[in-house]
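S.K.: Data: model35.tsv, TSV, C-alpha atoms and all ligand atoms.
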```tsv
chain	number	residue	atom	x	y	z
A	1	VAL	CA	-54.09	-11.71	-96.82
A	2	PRO	CA	-53.89	-10.64	-93.19
A	3	SER	CA	-51.69	-7.57	-93.01
A	4	LYS	CA	-49.01	-6.88	-90.43
A	5	LEU	CA	-49.51	-3.16	-91.05
A	6	PRO	CA	-53.21	-2.93	-91.99
A	7	ASP	CA	-53.49	0.83	-91.46
A	8	VAL	CA	-50.33	1.72	-93.39
A	9	GLY	CA	-50.58	3.03	-96.94
A	10	THR	CA	-47.81	3.86	-99.38
A	11	THR	CA	-45.22	6.24	-97.94
A	12	ILE	CA	-46.14	9.90	-98.48
A	13	PHE	CA	-42.90	10.59	-100.38
A	14	THR	CA	-43.74	8.06	-103.08
A	15	VAL	CA	-47.38	9.15	-103.28
A	16	ILE	CA	-46.68	12.87	-103.64
A	17	SER	CA	-43.74	12.43	-106.03
A	18	ARG	CA	-45.98	10.28	-108.24
A	19	GLU	CA	-48.87	12.76	-108.12
A	20	ALA	CA	-46.48	15.62	-108.87
A	21	ALA	CA	-45.22	13.76	-111.94
A	22	GLU	CA	-48.77	13.01	-113.12
A	23	LEU	CA	-49.83	16.65	-112.73
A	24	GLY	CA	-46.58	18.03	-114.08
A	25	ALA	CA	-46.14	19.98	-110.82
A	26	LEU	CA	-42.77	21.33	-109.73
A	27	ASN	CA	-41.56	18.86	-107.13
A	28	LEU	CA	-40.44	20.41	-103.85
A	29	SER	CA	-41.79	17.41	-101.92
A	30	GLN	CA	-39.58	14.33	-101.57
A	31	GLY	CA	-36.12	15.12	-100.28
A	32	PHE	CA	-33.72	14.55	-103.13
A	33	PRO	CA	-31.52	16.92	-105.16
A	34	ASP	CA	-32.21	17.60	-108.85
A	35	PHE	CA	-28.45	18.02	-109.38
A	36	THR	CA	-25.63	15.51	-109.17
A	37	ALA	CA	-22.25	14.88	-107.64
A	38	GLY	CA	-19.08	15.82	-109.44
A	39	PRO	CA	-18.16	13.64	-112.47
A	40	GLU	CA	-15.15	12.31	-110.51
A	41	LEU	CA	-17.56	10.20	-108.45
A	42	PHE	CA	-19.11	8.60	-111.53
A	43	ASP	CA	-15.67	8.10	-113.10
A	44	ALA	CA	-14.50	6.37	-109.93
A	45	VAL	CA	-17.50	4.01	-109.87
A	46	ALA	CA	-17.07	3.23	-113.57
A	47	ARG	CA	-13.36	2.60	-113.07
A	48	HIS	CA	-14.15	0.07	-110.35
A	49	MET	CA	-16.82	-1.61	-112.48
A	50	HIS	CA	-14.45	-1.97	-115.42
A	51	ALA	CA	-11.72	-3.20	-113.09
A	52	GLY	CA	-13.97	-6.10	-112.17
A	53	ASP	CA	-15.20	-4.95	-108.74
A	54	ASN	CA	-18.68	-6.33	-109.30
A	55	GLN	CA	-19.03	-9.22	-106.89
A	56	TYR	CA	-20.25	-9.31	-103.30
A	57	SER	CA	-18.60	-6.98	-100.88
A	58	PRO	CA	-17.65	-8.18	-97.41
A	59	MET	CA	-20.84	-8.30	-95.34
A	60	ALA	CA	-19.80	-5.30	-93.21
A	61	GLY	CA	-18.81	-3.21	-96.22
A	62	GLN	CA	-15.73	-2.45	-98.30
A	63	PRO	CA	-12.67	-1.91	-96.06
A	64	ALA	CA	-11.70	1.19	-98.05
A	65	LEU	CA	-15.05	2.85	-97.43
A	66	ARG	CA	-15.11	1.89	-93.76
A	67	ALA	CA	-11.61	3.34	-93.42
A	68	ALA	CA	-12.75	6.56	-95.12
A	69	VAL	CA	-15.71	6.84	-92.73
A	70	SER	CA	-13.46	6.19	-89.75
A	71	ALA	CA	-11.05	8.92	-90.87
A	72	LYS	CA	-13.93	11.34	-91.42
A	73	MET	CA	-15.48	10.69	-87.99
A	74	ALA	CA	-12.08	11.32	-86.38
A	75	ALA	CA	-11.33	14.47	-88.38
A	76	VAL	CA	-14.77	16.07	-88.08
A	77	TYR	CA	-15.92	14.98	-84.61
A	78	GLY	CA	-12.79	13.70	-82.89
A	79	ALA	CA	-14.53	10.32	-82.54
A	80	GLN	CA	-12.64	7.04	-82.84
A	81	TYR	CA	-14.46	4.21	-84.64
A	82	ASP	CA	-12.54	1.07	-85.60
A	83	PRO	CA	-13.43	0.21	-89.21
A	84	GLU	CA	-13.16	-3.51	-88.44
A	85	THR	CA	-15.49	-3.70	-85.45
A	86	GLU	CA	-17.43	-0.44	-85.28
A	87	ILE	CA	-18.44	0.61	-88.81
A	88	THR	CA	-20.94	-1.09	-91.13
A	89	ILE	CA	-21.97	0.00	-94.63
A	90	THR	CA	-25.73	-0.20	-95.23
A	91	ALA	CA	-28.18	0.02	-98.11
A	92	GLY	CA	-29.11	3.56	-97.13
A	93	ALA	CA	-30.10	5.02	-93.80
A	94	THR	CA	-33.68	3.70	-93.85
A	95	GLN	CA	-32.36	0.13	-93.96
A	96	ALA	CA	-29.87	0.98	-91.24
A	97	VAL	CA	-32.57	2.29	-88.90
A	98	TYR	CA	-34.88	-0.64	-89.65
A	99	THR	CA	-32.13	-3.19	-89.09
A	100	ALA	CA	-31.06	-1.48	-85.88
A	101	ILE	CA	-34.61	-1.54	-84.51
A	102	THR	CA	-35.00	-5.20	-85.49
A	103	ALA	CA	-31.69	-6.10	-83.86
A	104	LEU	CA	-32.31	-4.25	-80.61
A	105	ALA	CA	-36.03	-4.11	-79.80
A	106	GLY	CA	-38.63	-6.83	-79.39
A	107	PRO	CA	-42.06	-7.53	-77.93
A	108	GLY	CA	-42.69	-5.58	-74.73
A	109	ASP	CA	-39.83	-3.16	-75.31
A	110	GLU	CA	-40.73	0.51	-75.47
A	111	VAL	CA	-39.18	2.71	-78.14
A	112	ILE	CA	-39.34	6.49	-77.78
A	113	ILE	CA	-39.60	8.61	-80.92
A	114	PHE	CA	-39.96	12.37	-81.30
A	115	GLU	CA	-42.83	13.60	-83.45
A	116	PRO	CA	-42.88	14.89	-86.11
A	117	ALA	CA	-40.82	11.81	-87.03
A	118	PHE	CA	-39.53	10.43	-90.32
A	119	ASP	CA	-42.16	7.98	-91.48
A	120	SER	CA	-40.05	4.79	-91.48
A	121	TYR	CA	-39.41	4.68	-87.71
A	122	LEU	CA	-42.88	3.71	-86.55
A	123	PRO	CA	-43.49	0.76	-88.92
A	124	GLY	CA	-40.06	-0.61	-87.96
A	125	ILE	CA	-40.97	-0.46	-84.29
A	126	ARG	CA	-44.35	-2.09	-84.86
A	127	LEU	CA	-42.93	-4.90	-87.02
A	128	ALA	CA	-40.42	-5.64	-84.25
A	129	GLY	CA	-43.40	-6.11	-81.91
A	130	ALA	CA	-42.16	-3.24	-79.77
A	131	ILE	CA	-44.27	-0.47	-78.28
A	132	PRO	CA	-43.89	3.06	-79.69
A	133	VAL	CA	-43.89	5.93	-77.20
A	134	PHE	CA	-44.29	9.42	-78.64
A	135	VAL	CA	-42.80	12.68	-77.44
A	136	ARG	CA	-44.12	15.73	-79.26
A	137	LEU	CA	-41.74	18.41	-80.54
A	138	GLU	CA	-43.64	21.70	-80.33
A	139	ALA	CA	-43.79	24.38	-83.01
A	140	PRO	CA	-42.23	26.72	-83.82
A	141	HIS	CA	-38.80	25.57	-82.57
A	142	PHE	CA	-39.32	21.81	-82.31
A	143	MET	CA	-36.67	21.35	-79.65
A	144	PRO	CA	-37.12	18.47	-77.21
A	145	ASP	CA	-38.74	19.12	-73.83
A	146	TRP	CA	-36.40	17.05	-71.66
A	147	ASN	CA	-38.93	16.89	-68.83
A	148	ALA	CA	-41.37	15.27	-71.25
A	149	VAL	CA	-38.67	12.82	-72.31
A	150	ALA	CA	-37.96	11.99	-68.65
A	151	ARG	CA	-41.68	11.29	-68.13
A	152	ALA	CA	-41.77	9.03	-71.21
A	153	ILE	CA	-38.96	6.81	-69.91
A	154	THR	CA	-40.04	3.68	-68.02
A	155	PRO	CA	-38.22	0.50	-66.90
A	156	ARG	CA	-39.32	-0.99	-70.25
A	157	THR	CA	-37.68	1.72	-72.39
A	158	ARG	CA	-35.20	-0.06	-74.64
A	159	LEU	CA	-34.52	2.42	-77.41
A	160	ILE	CA	-34.71	6.13	-78.13
A	161	ILE	CA	-34.57	7.22	-81.77
A	162	THR	CA	-33.20	10.71	-82.27
A	163	ASN	CA	-32.69	12.80	-85.39
A	164	THR	CA	-30.58	15.93	-85.75
A	165	PRO	CA	-30.53	17.91	-88.04
A	166	HIS	CA	-34.23	17.14	-87.99
A	167	ASN	CA	-36.46	16.10	-90.86
A	168	PRO	CA	-38.97	17.72	-91.46
A	169	THR	CA	-38.46	20.75	-89.18
A	170	GLY	CA	-34.85	21.77	-89.82
A	171	ALA	CA	-34.28	22.01	-86.04
A	172	THR	CA	-30.79	21.13	-84.82
A	173	TRP	CA	-29.83	19.91	-81.37
A	174	SER	CA	-27.01	21.40	-79.34
A	175	LEU	CA	-24.35	19.39	-77.56
A	176	ASP	CA	-26.22	20.29	-74.40
A	177	ASP	CA	-29.29	18.44	-75.75
A	178	GLN	CA	-27.14	15.35	-76.36
A	179	ARG	CA	-25.76	15.66	-72.81
A	180	ARG	CA	-29.31	15.88	-71.41
A	181	LEU	CA	-30.16	12.70	-73.31
A	182	ALA	CA	-27.03	10.98	-71.98
A	183	ALA	CA	-27.96	11.99	-68.43
A	184	LEU	CA	-31.47	10.58	-68.79
A	185	CYS	CA	-30.08	7.27	-70.05
A	186	ASP	CA	-27.47	7.08	-67.31
A	187	GLY	CA	-27.80	3.95	-65.19
A	188	ARG	CA	-30.50	2.52	-67.45
A	189	ASP	CA	-30.54	-0.17	-70.08
A	190	ILE	CA	-31.41	2.23	-72.91
A	191	LEU	CA	-29.84	2.30	-76.38
A	192	VAL	CA	-30.01	5.15	-78.88
A	193	ILE	CA	-30.38	5.18	-82.65
A	194	SER	CA	-29.13	8.58	-83.80
A	195	ASP	CA	-30.28	9.44	-87.31
A	196	GLU	CA	-27.73	12.00	-88.52
A	197	VAL	CA	-28.20	11.80	-92.27
A	198	TYR	CA	-28.14	15.61	-92.60
A	199	GLU	CA	-24.95	15.85	-90.49
A	200	HIS	CA	-23.15	18.07	-93.03
A	201	ILE	CA	-26.10	20.38	-93.72
A	202	MET	CA	-25.84	22.89	-90.87
A	203	PHE	CA	-26.33	26.65	-91.28
A	204	ASP	CA	-25.19	29.99	-89.90
A	205	GLY	CA	-21.94	28.69	-88.40
A	206	ARG	CA	-23.57	25.99	-86.28
A	207	GLU	CA	-21.63	22.81	-85.62
A	208	HIS	CA	-23.42	19.49	-85.82
A	209	ALA	CA	-23.96	18.07	-82.32
A	210	SER	CA	-23.28	14.48	-83.26
A	211	ALA	CA	-24.10	11.91	-80.57
A	212	CYS	CA	-20.53	10.66	-81.00
A	213	ARG	CA	-19.20	13.89	-79.47
A	214	VAL	CA	-20.60	12.96	-76.05
A	215	PRO	CA	-18.66	9.83	-75.00
A	216	GLU	CA	-21.25	8.57	-72.45
A	217	LEU	CA	-23.88	8.80	-75.20
A	218	ALA	CA	-21.68	7.35	-77.96
A	219	ALA	CA	-21.18	4.25	-75.78
A	220	ARG	CA	-24.89	3.37	-76.16
A	221	THR	CA	-25.55	4.81	-79.65
A	222	LEU	CA	-25.82	3.46	-83.17
A	223	LEU	CA	-25.10	6.50	-85.31
A	224	VAL	CA	-26.70	6.34	-88.77
A	225	SER	CA	-25.74	8.47	-91.76
A	226	SER	CA	-26.10	8.57	-95.52
A	227	PHE	CA	-23.79	9.01	-98.50
A	228	GLY	CA	-26.84	9.72	-100.65
A	229	LYS	CA	-27.67	12.92	-98.76
A	230	THR	CA	-24.07	14.08	-98.54
A	231	PHE	CA	-22.97	13.40	-102.14
A	232	HIS	CA	-26.28	14.04	-104.00
A	233	VAL	CA	-26.81	10.38	-104.89
A	234	THR	CA	-29.93	9.40	-102.93
A	235	GLY	CA	-30.76	6.78	-105.56
A	236	TRP	CA	-27.66	4.75	-104.79
A	237	LYS	CA	-28.98	3.87	-101.35
A	238	VAL	CA	-25.68	3.68	-99.49
A	239	GLY	CA	-25.32	4.67	-95.85
A	240	PHE	CA	-23.38	3.66	-92.76
A	241	VAL	CA	-23.66	2.87	-89.08
A	242	CYS	CA	-21.05	3.65	-86.42
A	243	ALA	CA	-21.44	1.94	-83.04
A	244	PRO	CA	-19.34	0.34	-80.31
A	245	PRO	CA	-18.26	-3.26	-80.98
A	246	SER	CA	-21.02	-4.97	-78.96
A	247	LEU	CA	-23.76	-2.95	-80.69
A	248	THR	CA	-22.13	-3.38	-84.09
A	249	ALA	CA	-22.03	-7.14	-83.55
A	250	GLU	CA	-25.78	-7.20	-82.83
A	251	PHE	CA	-26.46	-4.93	-85.80
A	252	ARG	CA	-24.48	-7.18	-88.17
A	253	ARG	CA	-26.24	-10.30	-86.92
A	254	VAL	CA	-29.39	-8.93	-88.56
A	255	HIS	CA	-27.79	-6.94	-91.40
A	256	GLN	CA	-26.19	-10.07	-92.89
A	257	PHE	CA	-29.63	-11.63	-93.39
A	258	ASN	CA	-31.37	-8.40	-94.27
A	259	VAL	CA	-29.27	-7.21	-97.24
A	260	PHE	CA	-26.13	-9.34	-96.75
A	261	ALA	CA	-23.92	-6.70	-98.36
A	262	VAL	CA	-24.19	-3.41	-100.22
A	263	ASN	CA	-23.34	-2.87	-103.90
A	264	THR	CA	-19.61	-2.98	-104.47
A	265	PRO	CA	-18.67	-0.42	-107.15
A	266	CYS	CA	-20.59	2.42	-105.47
A	267	GLN	CA	-18.84	1.71	-102.17
A	268	LEU	CA	-15.42	1.77	-103.79
A	269	GLY	CA	-16.22	4.90	-105.80
A	270	LEU	CA	-17.46	6.69	-102.67
A	271	ALA	CA	-14.29	5.74	-100.81
A	272	ASP	CA	-12.16	7.35	-103.55
A	273	TYR	CA	-14.39	10.42	-103.69
A	274	MET	CA	-14.28	11.01	-99.93
A	275	ALA	CA	-10.52	11.53	-100.07
A	276	ASP	CA	-11.28	15.20	-100.81
A	277	ALA	CA	-12.86	16.39	-97.54
A	278	SER	CA	-14.18	19.60	-99.09
A	279	ARG	CA	-16.81	17.45	-100.81
A	280	TYR	CA	-18.62	17.05	-97.51
A	281	LEU	CA	-17.25	19.95	-95.48
A	282	ASP	CA	-18.57	22.53	-97.98
A	283	LEU	CA	-22.08	21.10	-98.04
A	284	GLY	CA	-23.47	23.41	-95.34
A	285	ALA	CA	-22.40	26.55	-97.22
A	286	PHE	CA	-23.74	25.09	-100.48
A	287	TYR	CA	-27.20	24.49	-99.03
A	288	GLN	CA	-27.24	27.67	-96.97
A	289	LYS	CA	-27.12	29.61	-100.25
A	290	LYS	CA	-30.11	27.62	-101.49
A	291	ARG	CA	-31.98	28.17	-98.23
A	292	ASP	CA	-31.33	31.90	-98.36
A	293	ASP	CA	-32.30	32.10	-102.03
A	294	PHE	CA	-35.52	30.20	-101.36
A	295	ARG	CA	-36.40	32.36	-98.34
A	296	ALA	CA	-35.63	35.60	-100.18
A	297	ARG	CA	-37.81	34.60	-103.12
A	298	MET	CA	-40.65	33.57	-100.78
A	299	ALA	CA	-40.57	36.90	-98.89
A	300	GLY	CA	-43.35	38.29	-101.05
A	301	SER	CA	-45.62	35.25	-100.58
A	302	ARG	CA	-48.38	34.66	-98.04
A	303	PHE	CA	-46.52	31.67	-96.62
A	304	GLU	CA	-44.90	32.19	-93.23
A	305	LEU	CA	-41.52	30.47	-93.15
A	306	LEU	CA	-40.30	29.01	-89.86
A	307	ASP	CA	-36.63	29.00	-88.83
A	308	CYS	CA	-34.38	26.53	-90.61
A	309	ALA	CA	-31.08	25.71	-88.87
A	310	GLY	CA	-30.12	22.64	-90.92
A	311	THR	CA	-31.27	19.98	-93.45
A	312	TYR	CA	-32.59	20.87	-96.92
A	313	PHE	CA	-36.16	21.29	-95.71
A	314	GLN	CA	-38.12	24.43	-94.95
A	315	LEU	CA	-41.41	24.44	-93.01
A	316	ALA	CA	-44.13	26.98	-93.70
A	317	ARG	CA	-47.47	28.03	-92.25
A	318	TYR	CA	-50.21	28.75	-94.75
A	319	ASP	CA	-52.98	30.08	-92.50
A	320	ALA	CA	-53.01	33.40	-94.36
A	321	ILE	CA	-54.18	31.44	-97.40
A	322	SER	CA	-56.36	28.63	-96.08
A	323	ASP	CA	-57.63	26.96	-92.92
A	324	GLU	CA	-57.77	23.50	-94.51
A	325	PRO	CA	-55.92	20.53	-92.97
A	326	ASP	CA	-52.37	20.32	-94.34
A	327	ALA	CA	-53.01	17.16	-96.37
A	328	ALA	CA	-55.91	18.84	-98.21
A	329	PHE	CA	-53.96	22.06	-98.68
A	330	VAL	CA	-50.99	20.18	-100.19
A	331	ARG	CA	-53.33	18.60	-102.78
A	332	ARG	CA	-54.83	21.96	-103.63
A	333	LEU	CA	-51.47	23.68	-103.87
A	334	MET	CA	-50.27	20.95	-106.21
A	335	ARG	CA	-53.33	21.29	-108.47
A	336	GLU	CA	-53.78	25.05	-108.40
A	337	ALA	CA	-50.23	26.39	-108.04
A	338	GLY	CA	-48.43	23.44	-109.62
A	339	VAL	CA	-46.01	23.00	-106.72
A	340	ALA	CA	-45.70	19.74	-104.75
A	341	THR	CA	-44.90	19.79	-101.02
A	342	ILE	CA	-45.23	17.42	-98.05
A	343	PRO	CA	-47.89	17.80	-95.29
A	344	VAL	CA	-46.30	17.64	-91.84
A	345	SER	CA	-49.25	15.61	-90.51
A	346	ALA	CA	-47.67	12.67	-92.40
A	347	PHE	CA	-44.92	12.70	-89.75
A	348	HIS	CA	-47.41	12.06	-86.92
A	349	HIS	CA	-48.82	8.64	-86.01
A	350	ASP	CA	-52.23	10.13	-85.26
A	351	GLY	CA	-52.30	12.50	-88.22
A	352	PHE	CA	-51.87	15.48	-85.87
A	353	ASP	CA	-52.33	18.54	-88.01
A	354	ALA	CA	-50.19	21.55	-87.10
A	355	LYS	CA	-51.15	23.14	-90.43
A	356	LEU	CA	-47.60	23.09	-91.71
A	357	ILE	CA	-46.14	22.06	-95.04
A	358	ARG	CA	-42.57	21.12	-95.92
A	359	PHE	CA	-40.65	22.43	-98.91
A	360	CYS	CA	-37.44	20.75	-100.12
A	361	PHE	CA	-34.93	23.32	-101.40
A	362	ALA	CA	-32.32	20.82	-102.65
A	363	LYS	CA	-33.14	22.05	-106.14
A	364	SER	CA	-31.50	24.01	-108.94
A	365	GLU	CA	-31.78	27.79	-108.82
A	366	ALA	CA	-34.01	27.72	-111.90
A	367	LEU	CA	-36.50	25.30	-110.33
A	368	ILE	CA	-36.54	27.26	-107.05
A	369	ALA	CA	-37.10	30.51	-108.96
A	370	GLN	CA	-39.97	29.05	-110.97
A	371	ALA	CA	-41.62	27.44	-107.95
A	372	CYS	CA	-41.32	30.59	-105.84
A	373	GLU	CA	-42.85	32.67	-108.60
A	374	ARG	CA	-45.88	30.39	-108.55
A	375	LEU	CA	-46.03	30.33	-104.75
A	376	CYS	CA	-45.83	34.13	-104.52
A	377	ALA	CA	-48.67	34.49	-107.00
A	378	TYR	CA	-50.82	32.03	-105.08
A	401	LIG	N1	-35.76	11.52	-96.65
A	401	LIG	C1	-36.59	11.88	-97.77
A	401	LIG	C2	-37.62	12.88	-97.38
A	401	LIG	O1	-37.86	13.12	-96.25
A	401	LIG	C3	-37.35	10.76	-98.36
A	401	LIG	C4	-36.73	9.42	-98.35
A	401	LIG	C5	-37.76	8.44	-98.80
A	401	LIG	O2	-38.62	8.76	-99.62
A	401	LIG	N2	-37.73	7.30	-98.22
A	401	LIG	O3	-38.24	13.43	-98.26
```
Would you give me this structure, written as structure tokens?
Ligand code: GLN

M.R.:
Amino acid sequence: VPSKLPDVGTTIFTVISREAAELGALNLSQGFPDFTAGPELFDAVARHMHAGDNQYSPMAGQPALRAAVSAKMAAVYGAQYDPETEITITAGATQAVYTAITALAGPGDEVIIFEPAFDSYLPGIRLAGAIPVFVRLEAPHFMPDWNAVARAITPRTRLIITNTPHNPTGATWSLDDQRRLAALCDGRDILVISDEVYEHIMFDGREHASACRVPELAARTLLVSSFGKTFHVTGWKVGFVCAPPSLTAEFRRVHQFNVFAVNTPCQLGLADYMADASRYLDLGAFYQKKRDDFRARMAGSRFELLDCAGTYFQLARYDAISDEPDAAFVRRLMREAGVATIPVSAFHHDGFDAKLIRFCFAKSEALIAQACERLCAY
């Protein structure tokens, strides 16, 4: 059959996780924790299931969960989002981003993305018939060059997709970056999709520079986040979108025919679980320990670790070991060291190879210890 995405294979995260399983390699590739949320979350979901909460949710999401998100956004960022008209529960952040692109961009529209970029953005843009425009984030700090962004903007620019804390680099924007973005959009018909799924995973005392903290930016932004990342339940595929009423209305126009509504008992369980704010406020400290443990154990290896300011990903150079392209090196590392990682070239539309690999450290101490032992011996 004629393909709408003829050059697109299976997403790298599925491919590497499968190969890791086949080879019995330790999996530091796809970003998911190998530990779970507290039992209270599962008890809450089970309680709702047994209570009969198993039918369709309202299209926009369970009121209790939208209210919990609204309260969180106010408490953490001082941002006001009306649960009725400004918050929508989604089937994960990937669906949220895809639906947002579909709702807002069409043929002839230009959509700016920063590369390296999470691999779902580009296919979404192409399927909408829109034109991707790429702005490169340069190693080793991967912060945006705002002059380059200014040059990328044209009268056809419809959308800019941003992501902080950033997957795969662990770079985090400052409020000043968000203000620069707002200034560039000023007076133009540009909307922003702000992927903030790692919002609670910030290190070394940094505060997350959410787009919602800059009012001029918030007015044109669909902010996307994820319960899966925050509560260690990536497999539940539940996320949310916060946006002003007019943008939310456009988003829901598509969302209702995309997934209609998200599974009910998980939404209700998450709403109960969120009542204890420490469950998301302590996440940064929790992962900072893992980052520091991973970095300390890797100190004796030949990998050169880059800075990591947020997320549960760590980039590394391997040029002391090999001059192969990153995709080839990842395969060899998996076979010979028994550790699976992600090549950063997979986050570039043209396969640009910065010779960097990504480790995920959202893993138990035992798995990190075992993997680092292998990596240090390699
Ligand atoms: N966000 C995860 C990662 O970067 C993967 C999510 C997915 O596989 N779609 O590894």

S.K.: Throw together the list of residues within 6 Å of ligand LIG 401 (chain A), counting only C-alpha atoms and all ligand atoms, and drop it here as a list in words.

M.R.: Phe13, Gln30 and Gly31 of chain A

S.K.: Go through stretch 148-265 of chain A and flag each residue having an atom no more than 7 Å from stretch 72-85 of chain A; for those, report the closest pair of atoms plus their distance in Å to one decimal, using only C-alpha atoms, ordered by chain and rising number, as a Markdown table.

M.R.:
```
| residue | atom | partner | partner_atom | distance |
| --- | --- | --- | --- | --- |
| A:Cys212 | CA | A:Ala79 | CA | 6.2 |
| A:Arg213 | CA | A:Tyr77 | CA | 6.2 |
| A:Cys242 | CA | A:Tyr81 | CA | 6.8 |
| A:Pro245 | CA | A:Thr85 | CA | 5.3 |
| A:Thr248 | CA | A:Thr85 | CA | 6.8 |
```

S.K.: Around stretch 316-320 of chain A, fit a box with edges along x, y and z, padding it by 6 Å on each side, then list its centre and edge lengths in Å to one decimal as lines of an AutoDock Vina configuration file.

M.R.:
```
center_x = -48.6
center_y = 30.2
center_z = -93.5
size_x = 20.9
size_y = 18.4
size_z = 14.5
```

S.K.: Quick one: of A:Gly235, A:Gly52, A:Pro265, A:Pro165, who's nearest to A:Ala64, counting only C-alpha atoms?

M.R.: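 Closest candidate: A:Pro265.
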
S.K.: Between A:Tyr312, A:Phe42, A:Phe134, A:Phe35, single out the one closest to A:Leu268, counting only C-alpha atoms.

M.R.: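 When distances to A:Leu268 are compared using only C-alpha atoms, the smallest one comes from A:Phe42.
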
S.K.: Just want the 12 Å neighbourhood of A:Asp272, counted on only C-alpha atoms, with same-chain residues fewer than 2 positions away dropped. Output as number ranges by chain.

M.R.: A: 40-48, 62-69, 265-270, 274-277, 279

S.K.: May I have the residues within 8 Å of A:Arg374 as a ChimeraX atom specification, using only C-alpha atoms and disregarding those fewer than 4 positions away in the same chain?

M.R.: /A:337-339,370,378

S.K.: Figure out the distance between atom CA of A:Lys290 and atom CA of A:Arg335, please, to one decimal in Å.

M.R.: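 Interatomic distance here is 25.1 Å.
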
S.K.: Any chance you could tabulate, as CSV, the residues of stretch 102-201 of chain A at most 7 Å from stretch 221-227 of chain A with each one's nearest atom pair and distance in Å to one decimal, using all atoms listed in the file, in chain and rising number order?

M.R.:
```
residue,atom,partner,partner_atom,distance
A:Leu191,CA,A:Thr221,CA,5.9
A:Val192,CA,A:Thr221,CA,4.5
A:Ile193,CA,A:Leu222,CA,4.9
A:Ser194,CA,A:Leu223,CA,4.8
A:Asp195,CA,A:Val224,CA,5.0
A:Glu196,CA,A:Ser225,CA,5.2
A:Val197,CA,A:Ser225,CA,4.2
```

S.K.: Could you write those residues out with C-alpha atoms, as a short mmCIF file (atom, residue, chain, number, x, y, z; two decimals), keeping the file's coordinate frame?

M.R.:
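The resulting file, part.cif, is reproduced below:
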```
data_model
loop_
_atom_site.label_atom_id
_atom_site.label_comp_id
_atom_site.auth_asym_id
_atom_site.auth_seq_id
_atom_site.Cartn_x
_atom_site.Cartn_y
_atom_site.Cartn_z
CA LEU A 191 -29.84 2.30 -76.38
CA VAL A 192 -30.01 5.15 -78.88
CA ILE A 193 -30.38 5.18 -82.65
CA SER A 194 -29.13 8.58 -83.80
CA ASP A 195 -30.28 9.44 -87.31
CA GLU A 196 -27.73 12.00 -88.52
CA VAL A 197 -28.20 11.80 -92.27
#
```

S.K.: Measuring atom to atom with all atoms listed in the file, identify which of A:Ala261, A:Leu28, A:Ala150, A:Val238 is nearest to A:Gln55.

M.R.: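 With all atoms listed in the file as the atom set, the closest residue is A:Ala261.
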
S.K.: From the options A:Lys289, A:Thr169, A:Ala209, A:Leu247, which residue's atoms come nearest to A:Ile357, counting all atoms listed in the file?

M.R.: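 Smallest distance to A:Ile357 is found for A:Thr169.
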
S.K.: Would you mind telling me which residue in A:Leu104, A:Ile190, A:Cys372, A:Ile321 lies nearest to A:Glu304 when using all atoms listed in the file?

M.R.: A:Ile321

S.K.: Looking at A:Arg332, A:Arg291, A:His166, A:Arg252, which one is nearest to A:Phe203, with distances taken over all atoms listed in the file?

M.R.: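 Selected residue with least distance to A:Phe203: A:Arg291.
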